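Asker: Below is the file my_file.cif, which contains mmCIF, C-alpha atoms and all ligand atoms.
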```cif
data_run
loop_
_atom_site.label_atom_id
_atom_site.label_comp_id
_atom_site.auth_asym_id
_atom_site.auth_seq_id
_atom_site.Cartn_x
_atom_site.Cartn_y
_atom_site.Cartn_z
CA MET A 1 3.09 12.83 17.39
CA PRO A 2 1.04 15.38 15.40
CA ASP A 3 -2.64 15.85 16.24
CA LEU A 4 -4.33 13.64 13.65
CA ASP A 5 -7.60 15.58 13.56
CA SER A 6 -6.06 18.97 12.81
CA LEU A 7 -3.50 17.41 10.44
CA ALA A 8 -6.36 15.77 8.56
CA ARG A 9 -8.21 19.07 8.13
CA GLU A 10 -5.02 20.82 7.04
CA VAL A 11 -3.96 18.17 4.56
CA SER A 12 -7.43 17.77 3.04
CA GLY A 13 -8.13 21.51 2.85
CA GLY A 14 -11.04 20.97 5.22
CA ALA A 15 -12.61 18.14 3.21
CA LEU A 16 -11.92 15.58 5.96
CA GLY A 17 -13.66 17.70 8.57
CA ARG A 18 -13.34 15.27 11.46
CA LEU A 19 -10.90 12.43 12.10
CA ALA A 20 -11.78 10.82 15.43
CA SER A 21 -9.46 8.05 16.64
CA GLY A 22 -9.61 6.62 20.15
CA PRO A 23 -11.45 4.51 22.73
CA ALA A 24 -14.93 5.96 22.04
CA ALA A 25 -14.72 7.49 18.56
CA LEU A 26 -17.96 5.85 17.43
CA ASP A 27 -19.92 7.91 19.98
CA GLU A 28 -19.42 10.85 17.62
CA LEU A 29 -21.38 9.22 14.83
CA PRO A 30 -24.74 10.96 15.55
CA VAL A 31 -23.06 14.39 15.70
CA GLN A 32 -21.19 13.80 12.43
CA CYS A 33 -24.35 12.60 10.69
CA ARG A 34 -26.24 15.72 11.80
CA ARG A 35 -23.35 17.98 10.80
CA LEU A 36 -23.15 16.58 7.28
CA ALA A 37 -26.84 15.90 6.60
CA PRO A 38 -29.32 17.38 9.09
CA SER A 39 -32.15 15.72 7.17
CA GLY A 40 -32.75 13.39 4.24
CA GLU A 41 -32.11 9.75 3.54
CA ARG A 42 -29.08 7.96 5.00
CA VAL A 43 -27.52 4.88 3.42
CA LEU A 44 -25.41 2.34 5.34
CA LEU A 45 -22.87 0.85 2.92
CA THR A 46 -21.30 -2.43 4.01
CA ASP A 47 -20.37 -5.95 2.94
CA ALA A 48 -21.69 -9.32 3.99
CA ALA A 49 -18.92 -10.11 6.52
CA ALA A 50 -20.23 -10.40 10.11
CA LYS A 51 -18.85 -7.63 12.33
CA PHE A 52 -19.05 -7.44 16.10
CA ALA A 53 -18.02 -4.80 18.61
CA GLY A 54 -18.91 -3.92 22.16
CA GLY A 55 -20.59 -7.31 22.62
CA ARG A 56 -23.13 -6.88 19.79
CA ALA A 57 -23.50 -6.82 16.01
CA LEU A 58 -21.67 -3.71 14.85
CA LEU A 59 -24.23 -2.86 12.17
CA ASP A 60 -27.04 -2.80 14.77
CA TRP A 61 -24.94 -0.51 16.92
CA VAL A 62 -24.18 1.80 14.00
CA ASN A 63 -27.84 1.73 12.97
CA ASP A 64 -28.89 2.87 16.45
CA LEU A 65 -26.45 5.79 16.21
CA VAL A 66 -27.32 6.77 12.63
CA GLY A 67 -31.09 6.41 13.01
CA ASP A 68 -33.32 5.48 10.09
CA ALA A 69 -31.06 4.23 7.31
CA ARG A 70 -31.33 2.12 4.17
CA ARG A 71 -28.76 -0.68 4.10
CA VAL A 72 -26.81 -1.48 0.92
CA THR A 73 -24.78 -4.69 1.20
CA VAL A 74 -22.17 -5.14 -1.54
CA ALA A 75 -21.91 -8.73 -2.75
CA PRO A 76 -18.49 -10.37 -3.10
CA THR A 77 -17.18 -11.09 -6.61
CA HIS A 78 -15.12 -14.10 -5.44
CA ALA A 79 -14.16 -14.59 -1.81
CA GLN A 80 -14.24 -10.84 -1.25
CA VAL A 81 -15.58 -7.62 -2.75
CA THR A 82 -13.56 -6.53 -5.81
CA LEU A 83 -13.73 -2.92 -6.98
CA ASP A 84 -14.08 -3.57 -10.69
CA GLU A 85 -16.15 -1.40 -13.05
CA GLN A 86 -19.20 -3.64 -12.72
CA THR A 87 -19.28 -3.56 -8.90
CA ILE A 88 -18.88 0.21 -8.83
CA GLU A 89 -21.64 0.89 -11.37
CA ALA A 90 -24.06 -1.55 -9.72
CA THR A 91 -23.47 -0.07 -6.26
CA LEU A 92 -23.76 3.48 -7.56
CA ALA A 93 -27.18 2.61 -9.02
CA GLU A 94 -28.34 0.90 -5.84
CA VAL A 95 -27.18 3.71 -3.53
CA GLY A 96 -28.84 6.41 -5.66
CA SER A 97 -28.74 9.96 -4.26
CA PRO A 98 -29.19 9.90 -0.48
CA ALA A 99 -28.26 12.85 1.75
CA LEU A 100 -25.47 10.87 3.44
CA ILE A 101 -23.50 7.64 3.01
CA VAL A 102 -22.13 5.89 6.10
CA SER A 103 -19.64 3.16 5.15
CA VAL A 104 -19.01 0.41 7.68
CA GLY A 105 -16.08 -1.75 6.65
CA SER A 106 -12.38 -2.12 6.08
CA GLY A 107 -10.27 -1.00 3.11
CA THR A 108 -12.36 -2.14 0.17
CA ILE A 109 -15.73 -0.86 1.44
CA THR A 110 -14.18 2.47 2.45
CA ASP A 111 -12.51 2.77 -0.98
CA LEU A 112 -15.88 2.07 -2.58
CA GLY A 113 -17.57 4.67 -0.34
CA LYS A 114 -14.98 7.23 -1.44
CA VAL A 115 -15.62 6.44 -5.12
CA LEU A 116 -19.40 6.80 -4.60
CA ALA A 117 -18.88 10.10 -2.76
CA ALA A 118 -16.70 11.38 -5.61
CA ARG A 119 -19.14 10.29 -8.30
CA SER A 120 -22.39 11.39 -6.59
CA GLY A 121 -21.22 14.35 -4.49
CA VAL A 122 -22.86 12.77 -1.40
CA PRO A 123 -20.84 13.23 1.84
CA LEU A 124 -19.31 10.09 3.35
CA VAL A 125 -18.84 9.15 7.00
CA ALA A 126 -16.40 6.22 7.12
CA VAL A 127 -16.58 3.90 10.12
CA GLN A 128 -13.27 2.01 9.98
CA THR A 129 -13.74 -1.58 11.12
CA ALA A 130 -10.13 -2.83 11.01
CA ALA A 131 -6.58 -1.46 11.02
CA SER A 132 -5.89 -3.38 7.84
CA VAL A 133 -4.34 -0.84 5.41
CA ASN A 134 -3.30 2.81 5.32
CA GLY A 135 -5.89 3.72 2.70
CA PHE A 136 -8.67 5.09 4.94
CA SER A 137 -7.39 8.63 5.52
CA ASP A 138 -6.60 9.58 1.93
CA PRO A 139 -8.51 10.71 -1.17
CA LEU A 140 -7.58 7.64 -3.25
CA SER A 141 -9.12 4.27 -3.98
CA VAL A 142 -7.56 1.06 -5.26
CA LEU A 143 -9.59 -0.15 -8.24
CA VAL A 144 -9.31 -3.09 -10.61
CA ILE A 145 -9.07 -1.76 -14.16
CA GLY A 146 -8.67 -4.19 -17.03
CA GLY A 147 -7.38 -6.84 -14.61
CA ALA A 148 -4.67 -4.57 -13.13
CA LYS A 149 -4.80 -2.94 -9.69
CA ARG A 150 -4.56 0.82 -10.04
CA THR A 151 -4.74 3.59 -7.44
CA LYS A 152 -7.11 6.33 -8.58
CA ALA A 153 -8.23 9.68 -7.19
CA SER A 154 -11.63 9.41 -5.46
CA SER A 155 -12.51 11.69 -2.52
CA TRP A 156 -11.76 12.25 1.15
CA PRO A 157 -14.32 10.92 3.58
CA SER A 158 -16.06 13.90 5.25
CA ALA A 159 -15.56 12.19 8.60
CA LEU A 160 -13.47 9.16 9.61
CA LEU A 161 -14.19 7.35 12.89
CA ILE A 162 -11.62 4.85 14.21
CA ASP A 163 -12.90 3.34 17.45
CA GLU A 164 -10.50 1.12 19.41
CA ARG A 165 -13.41 -1.05 20.61
CA VAL A 166 -14.19 -1.81 16.97
CA ILE A 167 -10.57 -2.32 15.89
CA ASP A 168 -9.87 -4.68 18.81
CA GLU A 169 -12.70 -6.98 17.68
CA ALA A 170 -11.78 -6.97 14.01
CA PRO A 171 -10.70 -10.34 12.61
CA ALA A 172 -7.05 -10.79 13.69
CA ARG A 173 -5.92 -11.44 10.11
CA LEU A 174 -7.09 -7.96 9.10
CA ASN A 175 -5.15 -6.15 11.84
CA ARG A 176 -2.12 -8.38 11.18
CA SER A 177 -2.34 -7.31 7.57
CA GLY A 178 -2.26 -3.69 8.75
CA VAL A 179 1.04 -4.39 10.49
CA GLY A 180 2.47 -5.54 7.15
CA ASP A 181 1.27 -2.36 5.43
CA ALA A 182 2.66 -0.22 8.27
CA ILE A 183 6.19 -1.69 8.12
CA ALA A 184 6.45 -0.77 4.43
CA ILE A 185 7.81 2.49 5.92
CA TRP A 186 11.08 0.56 6.47
CA SER A 187 11.38 -0.09 2.74
CA ALA A 188 9.43 2.38 0.59
CA PRO A 189 11.08 5.70 1.53
CA ALA A 190 14.47 4.39 0.32
CA ASP A 191 13.00 3.72 -3.11
CA TRP A 192 11.28 7.12 -3.04
CA TYR A 193 14.55 8.82 -2.04
CA LEU A 194 16.37 7.08 -4.90
CA ALA A 195 13.73 8.08 -7.46
CA CYS A 196 13.73 11.69 -6.22
CA ARG A 197 17.50 12.06 -6.22
CA LEU A 198 17.73 10.56 -9.71
CA GLY A 199 15.20 13.05 -11.05
CA LEU A 200 12.23 10.71 -11.57
CA ASP A 201 10.12 12.02 -8.69
CA GLY A 202 10.35 14.56 -5.98
CA PRO A 203 11.38 16.60 -4.27
CA PHE A 204 12.12 14.20 -1.42
CA ASP A 205 11.08 15.52 1.98
CA ASP A 206 12.08 13.74 5.19
CA ALA A 207 9.27 15.55 7.05
CA VAL A 208 6.74 13.60 4.94
CA VAL A 209 7.87 10.16 6.14
CA ARG A 210 9.26 11.03 9.59
CA PRO A 211 5.92 10.97 11.52
CA VAL A 212 5.20 7.47 10.21
CA LEU A 213 8.75 6.32 11.05
CA ASP A 214 8.19 7.63 14.59
CA ALA A 215 4.76 5.98 14.92
CA VAL A 216 5.96 2.47 13.94
CA GLU A 217 8.63 2.57 16.68
CA HIS A 218 6.05 1.19 19.16
CA LEU A 219 4.45 -1.35 16.85
CA ALA A 220 5.92 -4.33 18.72
CA ASP A 221 5.43 -2.94 22.23
CA PRO A 222 4.52 -5.69 24.73
CA ASP A 223 1.66 -3.48 26.01
CA HIS A 224 -1.23 -4.15 23.61
CA ASP A 225 -2.73 -0.66 24.06
CA ILE A 226 0.54 0.95 23.01
CA ALA A 227 1.10 -1.43 20.09
CA ARG A 228 -2.49 -1.06 18.83
CA THR A 229 -2.34 2.73 19.05
CA ALA A 230 0.96 2.61 17.14
CA LEU A 231 -0.69 0.48 14.48
CA ILE A 232 -3.71 2.77 14.08
CA ASP A 233 -1.60 5.94 14.16
CA SER A 234 1.01 4.72 11.70
CA LEU A 235 -1.66 3.66 9.19
CA THR A 236 -3.73 6.83 9.65
CA LEU A 237 -0.64 9.02 9.34
CA GLY A 238 0.35 6.97 6.32
CA GLY A 239 -2.90 7.88 4.57
CA LEU A 240 -2.44 11.56 5.44
CA VAL A 241 1.17 11.45 4.18
CA ILE A 242 -0.10 10.13 0.86
CA GLY A 243 -2.49 13.09 0.86
CA VAL A 244 0.34 15.56 1.63
CA ALA A 245 2.61 14.17 -1.08
CA ASP A 246 -0.34 13.69 -3.46
CA SER A 247 1.33 10.38 -4.31
CA THR A 248 1.59 6.93 -2.77
CA ALA A 249 5.35 6.91 -3.58
CA PRO A 250 6.63 7.78 -0.04
CA LEU A 251 4.93 4.61 1.28
CA SER A 252 4.87 2.37 -1.74
CA GLY A 253 8.13 1.02 -3.13
CA SER A 254 9.27 -2.41 -4.27
CA GLU A 255 7.46 -4.12 -1.39
CA HIS A 256 4.12 -2.79 -2.69
CA LEU A 257 5.00 -3.76 -6.25
CA VAL A 258 5.47 -7.34 -5.02
CA SER A 259 1.95 -7.32 -3.57
CA HIS A 260 0.41 -5.78 -6.69
CA ILE A 261 2.10 -8.36 -8.93
CA LEU A 262 0.93 -11.25 -6.72
CA ASP A 263 -2.63 -9.86 -7.02
CA MET A 264 -2.39 -9.50 -10.79
CA ALA A 265 -1.01 -13.00 -11.25
CA ALA A 266 -3.77 -14.46 -9.04
CA MET A 267 -6.51 -12.53 -10.84
CA ALA A 268 -5.16 -13.65 -14.22
CA ARG A 269 -5.38 -17.28 -13.05
CA GLY A 270 -8.80 -16.77 -11.46
CA ALA A 271 -7.16 -17.74 -8.16
CA GLU A 272 -7.30 -16.16 -4.70
CA HIS A 273 -4.56 -14.10 -3.14
CA ASP A 274 -3.84 -13.02 0.41
CA LEU A 275 -4.62 -9.59 1.88
CA HIS A 276 -2.68 -6.58 0.61
CA GLY A 277 -0.90 -5.90 3.90
CA ALA A 278 -0.05 -9.55 4.54
CA GLN A 279 1.77 -9.63 1.19
CA VAL A 280 3.39 -6.22 1.75
CA GLY A 281 4.68 -7.39 5.16
CA VAL A 282 6.49 -10.49 3.91
CA ALA A 283 7.72 -8.48 0.91
CA THR A 284 9.17 -5.83 3.23
CA VAL A 285 11.45 -8.43 4.83
CA VAL A 286 12.68 -9.47 1.37
CA CYS A 287 13.05 -5.91 0.06
CA THR A 288 15.04 -4.73 3.08
CA ALA A 289 17.23 -7.85 2.64
CA LEU A 290 17.64 -6.88 -1.02
CA TRP A 291 19.09 -3.47 -0.12
CA GLU A 292 21.62 -5.15 2.20
CA GLU A 293 22.52 -7.80 -0.36
CA VAL A 294 22.99 -5.22 -3.10
CA GLN A 295 25.12 -3.02 -0.88
CA GLN A 296 27.43 -5.93 -0.09
CA THR A 297 27.65 -7.85 -3.36
CA CYS A 298 26.61 -5.63 -6.30
CA ARG A 299 28.44 -2.95 -8.27
CA ILE A 300 25.50 -0.59 -8.77
CA PHE A 301 26.50 1.85 -6.03
CA ASP A 302 29.99 2.16 -7.55
CA LEU A 303 29.00 2.72 -11.18
CA PRO A 304 28.64 6.17 -12.76
CA TRP A 305 24.86 6.65 -12.58
CA SER A 306 24.93 9.41 -15.19
CA GLU A 307 25.80 6.79 -17.81
CA LEU A 308 23.29 4.13 -16.83
CA ARG A 309 20.69 3.19 -19.45
CA TYR A 310 17.82 0.72 -19.59
CA PRO A 311 18.71 -2.29 -21.80
CA GLY A 312 17.73 -2.18 -25.47
CA ASP A 313 15.51 -5.25 -25.16
CA LEU A 314 13.42 -3.81 -22.30
CA GLU A 315 10.14 -3.83 -24.22
CA ARG A 316 10.64 -7.48 -25.15
CA ARG A 317 11.36 -8.33 -21.50
CA VAL A 318 8.23 -6.51 -20.28
CA ARG A 319 5.92 -8.15 -22.82
CA HIS A 320 7.54 -11.56 -22.28
CA THR A 321 7.09 -11.28 -18.48
CA TRP A 322 3.35 -10.57 -18.65
CA ALA A 323 2.68 -12.99 -21.53
CA SER A 324 3.31 -15.82 -19.09
CA ILE A 325 0.12 -14.91 -17.18
CA ASP A 326 -1.86 -13.24 -20.00
CA ARG A 327 -1.35 -14.77 -23.46
CA SER A 328 -3.62 -12.11 -25.04
CA GLY A 329 -0.86 -9.53 -24.57
CA ALA A 330 -3.27 -6.97 -23.07
CA LEU A 331 -1.55 -6.92 -19.69
CA GLY A 332 1.84 -6.69 -21.43
CA GLN A 333 0.60 -3.67 -23.37
CA GLU A 334 -0.85 -2.01 -20.22
CA CYS A 335 2.44 -2.52 -18.36
CA TRP A 336 4.72 -1.52 -21.25
CA THR A 337 2.79 1.77 -21.60
CA ALA A 338 3.57 2.47 -17.93
CA VAL A 339 7.21 1.30 -18.07
CA GLU A 340 7.88 3.28 -21.26
CA ARG A 341 6.97 6.52 -19.44
CA LYS A 342 9.69 5.73 -16.90
CA VAL A 343 12.26 5.09 -19.67
CA VAL A 344 11.42 8.32 -21.50
CA THR A 345 11.78 10.33 -18.28
CA TRP A 346 15.03 8.55 -17.39
CA ASN A 347 16.54 9.30 -20.81
CA ALA A 348 15.43 12.94 -20.68
CA THR A 349 16.85 13.66 -17.21
CA ASP A 350 20.26 15.24 -16.65
CA ARG A 351 22.04 13.30 -13.92
CA SER A 352 25.54 14.74 -14.42
CA GLY A 353 25.57 16.01 -10.80
CA CYS A 354 24.71 12.58 -9.37
CA ASP A 355 28.10 10.94 -9.68
CA ALA A 356 30.01 13.40 -7.49
CA ALA A 357 27.21 13.39 -4.91
CA ARG A 358 26.88 9.62 -4.91
CA PRO A 359 28.71 8.72 -1.66
CA ASP A 360 26.49 11.13 0.35
CA LEU A 361 23.44 10.06 -1.56
CA VAL A 362 24.04 6.37 -0.83
CA GLU A 363 24.68 7.07 2.84
CA SER A 364 21.42 9.04 3.19
CA LEU A 365 19.60 6.37 1.23
CA PHE A 366 20.61 3.62 3.65
CA GLY A 367 19.35 5.77 6.51
CA TYR A 368 15.87 4.85 5.24
CA VAL A 369 16.49 1.11 4.86
CA GLY A 370 15.09 -0.89 7.74
CA ASP A 371 16.52 -4.05 9.27
CA PRO A 372 15.01 -7.24 7.79
CA THR A 373 15.32 -8.99 11.17
CA ARG A 374 13.31 -6.26 12.87
CA SER A 375 10.72 -6.36 10.08
CA ALA A 376 10.25 -10.12 10.57
CA ALA A 377 10.21 -9.79 14.38
CA THR A 378 7.50 -7.09 14.24
CA LEU A 379 5.31 -9.26 12.02
CA ARG A 380 5.89 -12.21 14.35
CA HIS A 381 4.94 -10.10 17.40
CA TRP A 382 1.46 -9.72 15.90
CA GLY A 383 1.24 -13.33 14.70
CA ALA A 384 1.42 -12.17 11.08
CA ALA A 385 3.02 -14.16 8.26
CA THR A 386 6.76 -13.56 7.95
CA ARG A 387 7.38 -15.81 4.93
CA PHE A 388 5.74 -16.16 1.51
CA SER A 389 5.03 -19.82 2.27
CA ASP A 390 2.95 -18.66 5.29
CA LEU A 391 0.58 -16.66 3.08
CA THR A 392 -2.89 -17.95 2.20
CA PRO A 393 -2.61 -19.34 -0.40
CA ALA A 394 1.13 -20.01 -0.05
CA VAL A 395 3.43 -18.56 -2.71
CA ASP A 396 5.96 -21.15 -3.91
CA ARG A 397 9.58 -20.63 -4.94
CA ASP A 398 8.93 -20.42 -8.70
CA ASP A 399 6.09 -17.92 -8.35
CA LEU A 400 8.07 -15.82 -5.89
CA SER A 401 11.15 -15.70 -8.14
CA TRP A 402 8.99 -14.79 -11.13
CA THR A 403 7.23 -12.07 -9.10
CA LEU A 404 10.49 -10.54 -7.91
CA LEU A 405 12.08 -10.63 -11.37
CA ALA A 406 8.96 -8.85 -12.72
CA LEU A 407 9.33 -5.89 -10.30
CA PRO A 408 10.88 -3.37 -12.72
CA TYR A 409 8.50 -4.37 -15.51
CA MET A 410 5.13 -3.35 -14.08
CA ARG A 411 4.74 0.38 -13.61
CA ASP A 412 6.24 3.81 -14.14
CA ARG A 413 7.76 4.14 -10.67
CA LEU A 414 11.54 3.68 -10.40
CA THR A 415 12.76 1.47 -7.56
CA LEU A 416 16.08 -0.24 -6.77
CA PRO A 417 15.50 -3.16 -9.21
CA ASP A 418 15.36 -0.65 -12.10
CA LEU A 419 18.98 0.34 -11.45
CA LEU A 420 19.92 -3.32 -11.22
CA VAL A 421 18.30 -3.96 -14.60
CA MET A 422 20.47 -1.19 -16.00
CA SER A 423 23.66 -2.60 -14.45
CA GLY A 424 22.79 -6.11 -15.62
CA GLU A 425 22.64 -7.35 -12.03
CA TRP A 426 18.90 -8.10 -11.79
CA THR A 427 19.35 -11.85 -12.12
CA PRO A 428 17.88 -15.06 -10.67
CA GLU A 429 21.19 -15.44 -8.76
CA LEU A 430 20.71 -12.11 -6.96
CA ILE A 431 17.10 -13.06 -6.15
CA GLU A 432 18.34 -16.36 -4.71
CA ARG A 433 20.98 -14.69 -2.53
CA THR A 434 18.40 -12.14 -1.36
CA LEU A 435 15.95 -14.87 -0.38
CA GLN A 436 18.68 -16.63 1.60
CA ARG A 437 19.48 -13.39 3.40
CA ALA A 438 15.77 -12.82 4.09
CA ALA A 439 15.46 -16.38 5.42
CA ALA A 440 18.33 -15.78 7.84
CA ALA A 441 16.40 -12.72 9.08
CA GLY A 442 13.26 -14.81 9.70
CA GLY A 443 11.47 -14.19 6.41
CA GLY A 444 11.88 -14.97 2.71
CA LEU A 445 10.29 -17.99 1.12
ZN ZN B 501 -0.34 -0.49 1.20
#
```
Would you kindly transcribe this structure into structure tokens?
Answerer:
Amino acid sequence: MPDLDSLAREVSGGALGRLASGPAALDELPVQCRRLAPSGERVLLTDAAAKFAGGRALLDWVNDLVGDARRVTVAPTHAQVTLDEQTIEATLAEVGSPALIVSVGSGTITDLGKVLAARSGVPLVAVQTAASVNGFSDPLSVLVIGGAKRTKASSWPSALLIDERVIDEAPARLNRSGVGDAIAIWSAPADWYLACRLGLDGPFDDAVVRPVLDAVEHLADPDHDIARTALIDSLTLGGLVIGVADSTAPLSGSEHLVSHILDMAAMARGAEHDLHGAQVGVATVVCTALWEEVQQTCRIFDLPWSELRYPGDLERRVRHTWASIDRSGALGQECWTAVERKVVTWNATDRSGCDAARPDLVESLFGYVGDPTRSAATLRHWGAATRFSDLTPAVDRDDLSWTLLALPYMRDRLTLPDLLVMSGEWTPELIERTLQRAAAAGGGL
């Protein structure tokens, strides 16, 4: 287990000057505030959700540690805060130019704090209030641009404080969601490996994903202290890994695409969707089942990959997919622009060496594919949803099938379904068999 604090400084080039994670990390808040802004105005950035820790209101506690501070509470767009252009501009105006921003919140508030820090140059101390996603310890923020979720460069927090007393009192659904985001490590690296070896990303480096693979080993430990530390460490390492790779690809494969598409479909309908990690968790069970199903029943691993091509009607398929949730065609255009980049790169890449190397490549690939039964059992250990019908709101069979079929048609990242589109095997029948396999493992619909 690498030392998170020194790894954070190394990875961020010193920008993330202090990463404190442990039973009393919050006690460092006064020191970090003085280090980053010895004088001047301090702003506490938070949302309206009530937060408790150590037997009291967390914001009062933080306020005592920070001293005199102006509080900026970001209002929710629907049920929760959404990082669209309007919210960002309004918050930027309200925060102004203090000497220091202290964010107190989970993923969305921290992402917003990082955007404000990037835009205003004001240092940010992030007080992490839940182990809900891996996006705290990285220089990226997930924004909503033109109705689509996009990950954009923002800035590192100058200090990140992860206090176990605070995490333990976070709403259980937030920490359960973090478990779902953490187990993506059993699915995403296989997609990343595939994309790297086929020349669409890379180079692949096992050392990037290995620390996270090690950290999740204890995620379902019967001892809560061990399991909670595994959760915090795997998510924190996950953020740092994204920083090392300068890409979310090592930790974001098909299972993340599923979550992004569910979000986009819900936003297009003006409906709610469940938390990012909750969706990623149930999707990880299905995506690991997909690898198994494809290995056993599809031809893709036996075909000459050097000759594979995307189908001629790909653009029509992409636009048709998104037209069903956005008749204006804008989302179809946004997604086709992204998918077309992938096609151009695919067509321009020489893969003549791939065919001879394929048996080794496939064997290494499956070394990164997790067991769907273990994925479901780990979610269950934390009381997290294991099936799409357990999500809030529940995802039904039609919406799930549509979402899965849409996987290769959303962005420029190649994952297993792209190859299956090329081999003509990405069909409703394969989706159905995969869902049956996932159900037998304790997940699926
Ligand atoms: Zn994630």
Asker: Using all atoms listed in the file, determine which residues lie at most 8 Å from Trp186 in chain A, disregarding the query and same-chain residues fewer than 5 positions distant; provide the list as an MDAnalysis selection string.
Answerer: chainID A and resid 213 284 288 368:371 375
Asker: So which residues touch Thr337 in chain A within 12 Å, counting all atoms listed in the file, skipping near sequence neighbours fewer than 2 positions away, as a VMD selection string?
Answerer: chain A and resid 315 318 to 319 330 to 335 339 to 344 409 to 412
Asker: Residues contacting ligand ZN 501 (chain B) - anything with an atom at most 10 Å away, using all atoms listed in the file - can you give me those as a PyMOL selection string?
Answerer: chain A and resi 132-135+142+177-178+180-185+235+238-239+248+251-253+255-257+259-260+276-281
Asker: Within 10 Å of range 13-30 of chain A, counting only C-alpha atoms, which residues show up once you throw out same-chain ones fewer than 3 positions away? Write them as an MDAnalysis selection string, please.
Answerer: chainID A and resid 3:10 33:36 61:62 64:67 102 123:128 137:139 155:167 229 232:233 236
Asker: Please produce an output containing C-alpha atoms for each residue in the selection, written as a tab-separated table (two decimals), in the frame of the given file.
Answerer:
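Heads up, here's the output in part.tsv:
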```tsv
chain	number	residue	atom	x	y	z
A	3	ASP	CA	-2.64	15.85	16.24
A	4	LEU	CA	-4.33	13.64	13.65
A	5	ASP	CA	-7.60	15.58	13.56
A	6	SER	CA	-6.06	18.97	12.81
A	7	LEU	CA	-3.50	17.41	10.44
A	8	ALA	CA	-6.36	15.77	8.56
A	9	ARG	CA	-8.21	19.07	8.13
A	10	GLU	CA	-5.02	20.82	7.04
A	33	CYS	CA	-24.35	12.60	10.69
A	34	ARG	CA	-26.24	15.72	11.80
A	35	ARG	CA	-23.35	17.98	10.80
A	36	LEU	CA	-23.15	16.58	7.28
A	61	TRP	CA	-24.94	-0.51	16.92
A	62	VAL	CA	-24.18	1.80	14.00
A	64	ASP	CA	-28.89	2.87	16.45
A	65	LEU	CA	-26.45	5.79	16.21
A	66	VAL	CA	-27.32	6.77	12.63
A	67	GLY	CA	-31.09	6.41	13.01
A	102	VAL	CA	-22.13	5.89	6.10
A	123	PRO	CA	-20.84	13.23	1.84
A	124	LEU	CA	-19.31	10.09	3.35
A	125	VAL	CA	-18.84	9.15	7.00
A	126	ALA	CA	-16.40	6.22	7.12
A	127	VAL	CA	-16.58	3.90	10.12
A	128	GLN	CA	-13.27	2.01	9.98
A	137	SER	CA	-7.39	8.63	5.52
A	138	ASP	CA	-6.60	9.58	1.93
A	139	PRO	CA	-8.51	10.71	-1.17
A	155	SER	CA	-12.51	11.69	-2.52
A	156	TRP	CA	-11.76	12.25	1.15
A	157	PRO	CA	-14.32	10.92	3.58
A	158	SER	CA	-16.06	13.90	5.25
A	159	ALA	CA	-15.56	12.19	8.60
A	160	LEU	CA	-13.47	9.16	9.61
A	161	LEU	CA	-14.19	7.35	12.89
A	162	ILE	CA	-11.62	4.85	14.21
A	163	ASP	CA	-12.90	3.34	17.45
A	164	GLU	CA	-10.50	1.12	19.41
A	165	ARG	CA	-13.41	-1.05	20.61
A	166	VAL	CA	-14.19	-1.81	16.97
A	167	ILE	CA	-10.57	-2.32	15.89
A	229	THR	CA	-2.34	2.73	19.05
A	232	ILE	CA	-3.71	2.77	14.08
A	233	ASP	CA	-1.60	5.94	14.16
A	236	THR	CA	-3.73	6.83	9.65
```
Asker: Return the single residue from A:Ser97, A:Ser324, A:Thr129, A:Ser120 that is closest to Thr403 in chain A, with distances computed using all atoms listed in the file.
Answerer: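 Of A:Ser97, A:Ser324, A:Thr129, A:Ser120, the one nearest Thr403 in chain A is A:Ser324, counting all atoms listed in the file.
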Asker: Quick one: residues within 9 Å of Glu432 in chain A, only C-alpha atoms, excluding same-chain residues fewer than 5 positions away - as a PyMOL selection string?
Answerer: chain A and resi 401+427+437
Asker: Near range 348-351 of chain A, counting all atoms listed in the file, which residues have an atom at most 10 Å away, once you skip same-chain residues fewer than 6 positions from it, shown as a list in words?
Answerer: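 The contact residues come out as Arg197, Leu198, Gly199, Leu200, Pro304, Trp305, Ser306, Glu307, Leu308 and Lys342 of chain A.
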Asker: A:Ala131, A:Met422, A:Val74, A:Val43: which is nearest Ile300 in chain A, counting all atoms listed in the file?
Answerer: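 Among the listed residues, A:Met422 lies closest to Ile300 in chain A.
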Asker: Kindly give the distance, in Å, that separates CA of Ala376 in chain A and CA of Lys149 in chain A, rounded to a single decimal.
Answerer: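 Separating CA of Ala376 in chain A from CA of Lys149 in chain A is a distance of 26.2 Å.
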Asker: Distance CA of Ala283 in chain A-CA of Gly243 in chain A, one decimal place?
Answerer: 23.9 Å
Asker: Nearest to Ala438 in chain A among A:Thr297, A:Ser352, A:Thr386, A:Ser12, with distances taken over all atoms listed in the file: which residue is it?
Answerer: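 Of A:Thr297, A:Ser352, A:Thr386, A:Ser12, the one nearest Ala438 in chain A, counting all atoms listed in the file, is A:Thr386.
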Asker: Rounded to one decimal in Å, what is the spacing between CA of Pro393 in chain A and CA of Thr82 in chain A?
Answerer: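 Separation between CA of Pro393 in chain A and CA of Thr82 in chain A: 17.7 Å.
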Asker: Which polymer residues, protein or nucleic acid, are no farther than 8 Å from (-14.4, 6.5, -2.3), counting all atoms listed in the file, as a PyMOL selection string?
Answerer: chain A and resi 110-118+139-141+154-157
